[in-house]
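The structure under discussion appears below in the form of structure tokens.
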Amino acid sequence: MSVETPLTNGSRRHRLWELTHRYHCPIIGVCFKLGEIRELVLKVMTFPHRPSDYEVHCTAASECGTRTPLSSLLHKTLEKKYALAIQRCKPMKTTEELMAKWREALAGDDIPGMFWAVLTHPASTEEFRLQIYADIHMLQHQIGAGVRREQQAWTRLQEENAMLTRELSRMQQRVTESCNRYIEQIADLKTQLEAARTDAVQQLALAERYAAERDSLREQAEDSNEIMRLMYRLQLAESAYATLKERHATLEIDYSAAREDIRRLESELAELIAAQEPESNDVHQEEQRLLGRTVLCVGGRVDAIPHFRSLVQLRGGEFMHHDGGKEENIGRLEAVISAADAVICQTGCISHNAYWRVKEQCKRTGKPCTFVGNPSLSSFLQVLENLAHKKTEAADTEI
């Protein structure tokens, strides 16, 4: 267009039903969403069955040819919905200005609003509308092709994600089962070690009693017969003492071996847990780390605390502990909870008072808190996996 085109319709904007019918289809398709146009059509029209999206679209486009209750409702909705775009075009007086504004909209995101505003503008001519119609027609073709490609890519990604999710689940199950087996072996060895230690203490006490009896018999012997009798008893006591010493030495060896087994199993357990981290990072690296968050453990057995600390540090987190009031001041709970990002409460190892203090403080500060009834290493590991796999919100959870 080399010269400006003067106004042909005064200052009044065109109504929807005043436009040529070819423009009604792109107006309905571009300026309304499917759910929005369905809601407007069903407000003023009835159907013997639930209409398809295509039937709704065709009905709306057909009704726009004349002024009807539906076309009036659609026009009013468009005027209200795209009032800002209409206001931006209001000062324009020529089709050249409208064309410049339309080209600007094509390069941006405000295509539906500007399409309606310039199409119904008083300065809009039929030649200008045909150019806009051609632009919208080609744009719809391009968008349709792009949507089909995106849908195909999305389907492939969903299938791949489902396959990787299943594989990750199988890997995690295998690691969890292996961890549980090692934990059970360690618990059994600790039980045996405690039993051997108790037996060794009892045998040593018995040996000391026999030694004391031997010394007492030596002091009480006054004549030869008594001495012979006492010597016989002394020999028996010394023989029993030697046997007990051998038994004690054997128990000491067994005790050392059991300690070595525990250290070996704990080392293997740490390596197994550490091996889980790289495998999981191949699929969802971000979801497998604590990202420096501080995890507070309230309660728990004393011998399990170093293992809890290792599990947290292996996942990139910081570890804090409070025994729930057994040795530490229960009044410090508020301070340590405030310093933590997440709380794991071992409910079986703390008092009722400490339980309610943790629950109320976490609720008040919005800290994620998980209550673990079974104070085991596997339960603690499960909670850490939950913290690493999702962005936690402030909530109370029980395991």
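Each chain in the structure tokens gets a letter, A, B, ..., in the order shown, and its residues are numbered from 1; ligands are numbered from 1 in order too.
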Please list as a PDB file with N, CA and C atoms, in the first residue's frame every residue within 9 Å of segment 231-243 of chain A, counting only C-alpha atoms and excluding residues in the same chain fewer than 6 positions away.
ATOM      1  N   LEU A 206      33.834 -66.000  87.605  1.00  0.00           N
ATOM      2  CA  LEU A 206      33.929 -67.335  88.209  1.00  0.00           C
ATOM      3  C   LEU A 206      35.378 -67.717  88.462  1.00  0.00           C
ATOM      4  N   ALA A 207      36.263 -67.372  87.511  1.00  0.00           N
ATOM      5  CA  ALA A 207      37.684 -67.674  87.685  1.00  0.00           C
ATOM      6  C   ALA A 207      38.256 -66.918  88.878  1.00  0.00           C
ATOM      7  N   GLU A 208      37.862 -65.671  89.039  1.00  0.00           N
ATOM      8  CA  GLU A 208      38.348 -64.885  90.182  1.00  0.00           C
ATOM      9  C   GLU A 208      37.834 -65.468  91.502  1.00  0.00           C
ATOM     10  N   TYR A 210      37.185 -68.669  92.037  1.00  0.00           N
ATOM     11  CA  TYR A 210      37.986 -69.864  92.310  1.00  0.00           C
ATOM     12  C   TYR A 210      39.371 -69.482  92.819  1.00  0.00           C
ATOM     13  N   ALA A 211      39.964 -68.433  92.276  1.00  0.00           N
ATOM     14  CA  ALA A 211      41.283 -67.985  92.746  1.00  0.00           C
ATOM     15  C   ALA A 211      41.211 -67.524  94.196  1.00  0.00           C
ATOM     16  N   GLU A 213      39.034 -68.537  96.377  1.00  0.00           N
ATOM     17  CA  GLU A 213      38.834 -69.747  97.211  1.00  0.00           C
ATOM     18  C   GLU A 213      40.140 -70.493  97.403  1.00  0.00           C
ATOM     19  N   ARG A 214      40.950 -70.538  96.335  1.00  0.00           N
ATOM     20  CA  ARG A 214      42.261 -71.191  96.450  1.00  0.00           C
ATOM     21  C   ARG A 214      43.121 -70.506  97.496  1.00  0.00           C
ATOM     22  N   ASP A 215      43.194 -69.224  97.471  1.00  0.00           N
ATOM     23  CA  ASP A 215      43.989 -68.483  98.454  1.00  0.00           C
ATOM     24  C   ASP A 215      43.448 -68.693  99.850  1.00  0.00           C
ATOM     25  N   LEU A 217      41.850 -71.333 100.950  1.00  0.00           N
ATOM     26  CA  LEU A 217      42.158 -72.701 101.396  1.00  0.00           C
ATOM     27  C   LEU A 217      43.599 -72.814 101.848  1.00  0.00           C
ATOM     28  N   ARG A 218      44.488 -72.132 101.179  1.00  0.00           N
ATOM     29  CA  ARG A 218      45.890 -72.169 101.579  1.00  0.00           C
ATOM     30  C   ARG A 218      46.066 -71.603 102.993  1.00  0.00           C
ATOM     31  N   ALA A 221      44.661 -74.136 105.838  1.00  0.00           N
ATOM     32  CA  ALA A 221      45.248 -75.467 106.057  1.00  0.00           C
ATOM     33  C   ALA A 221      46.119 -75.451 107.323  1.00  0.00           C
TER      34      ALA A 221
END
Residues within 7 Å of segment 57-61 of chain A, please, as a PDB file with N, CA and C atoms, in the first residue's frame. Count only C-alpha atoms; anything in the same chain fewer than 6 positions from it doesn't count.
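The file below, around37.pdb, is the result:
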ATOM      1  N   HIS A  24     -15.309 -15.385   9.895  1.00  0.00           N
ATOM      2  CA  HIS A  24     -15.899 -15.909  11.134  1.00  0.00           C
ATOM      3  C   HIS A  24     -15.184 -17.160  11.625  1.00  0.00           C
ATOM      4  N   CYS A  25     -14.810 -18.031  10.683  1.00  0.00           N
ATOM      5  CA  CYS A  25     -14.126 -19.269  11.092  1.00  0.00           C
ATOM      6  C   CYS A  25     -12.797 -18.985  11.794  1.00  0.00           C
ATOM      7  N   ILE A  28     -13.411 -17.460  15.326  1.00  0.00           N
ATOM      8  CA  ILE A  28     -13.810 -18.452  16.328  1.00  0.00           C
ATOM      9  C   ILE A  28     -12.630 -19.335  16.710  1.00  0.00           C
ATOM     10  N   VAL A  41     -21.507 -21.135  23.569  1.00  0.00           N
ATOM     11  CA  VAL A  41     -22.540 -21.677  22.675  1.00  0.00           C
ATOM     12  C   VAL A  41     -23.651 -22.337  23.484  1.00  0.00           C
TER      13      VAL A  41
END
**Asked** Expressed in Å to a single decimal, how great is the separation between atom CA of Val312 of chain A and atom CA of Arg293 of chain A?
**Response**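 That distance, rounded to one decimal, is 9.4 Å.
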Can you pull out every residue within 8 Å of Leu333 of chain A, counting only C-alpha atoms, but drop anything in the same chain fewer than 3 positions away, and send it as an mmCIF file with C-alpha atoms, in the first residue's frame?
data_model
loop_
_atom_site.group_PDB
_atom_site.id
_atom_site.type_symbol
_atom_site.label_atom_id
_atom_site.label_comp_id
_atom_site.auth_asym_id
_atom_site.auth_seq_id
_atom_site.Cartn_x
_atom_site.Cartn_y
_atom_site.Cartn_z
ATOM 1 C CA HIS A 322 19.385 -34.568 69.215
ATOM 2 C CA GLY A 324 15.175 -36.335 72.375
ATOM 3 C CA ASN A 329 18.505 -30.601 77.170
ATOM 4 C CA ILE A 330 15.055 -30.993 75.621
ATOM 5 C CA VAL A 336 18.115 -27.291 66.328
ATOM 6 C CA ILE A 337 14.784 -27.674 64.482
ATOM 7 C CA ARG A 357 7.544 -30.677 70.991
ATOM 8 C CA VAL A 358 8.953 -31.823 67.619
#
**Message:** Taking only C-alpha atoms into account, name the residue in A:Leu377, A:Ile253, A:Leu204, A:Ala85 that is nearest to Ile305 of chain A.
**Reply:**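 Looking only at the distances to Ile305 of chain A, the closest residue turns out to be A:Leu377.
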**Item:** Given only C-alpha atoms as the counted atoms, nearest of A:Trp17, A:Tyr23, A:Phe319, A:Trp102 to Ser72 of chain A
**Value:**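 Counting only C-alpha atoms, the residue closest to Ser72 of chain A is A:Trp17.
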**Asked** Which neighbours of Leu98 of chain A fall inside 8 Å, counting only C-alpha atoms, when residues of the same chain fewer than 5 positions from it are skipped, and could you give them as number ranges by chain?
**Response** A: 89, 92, 118, 123-124
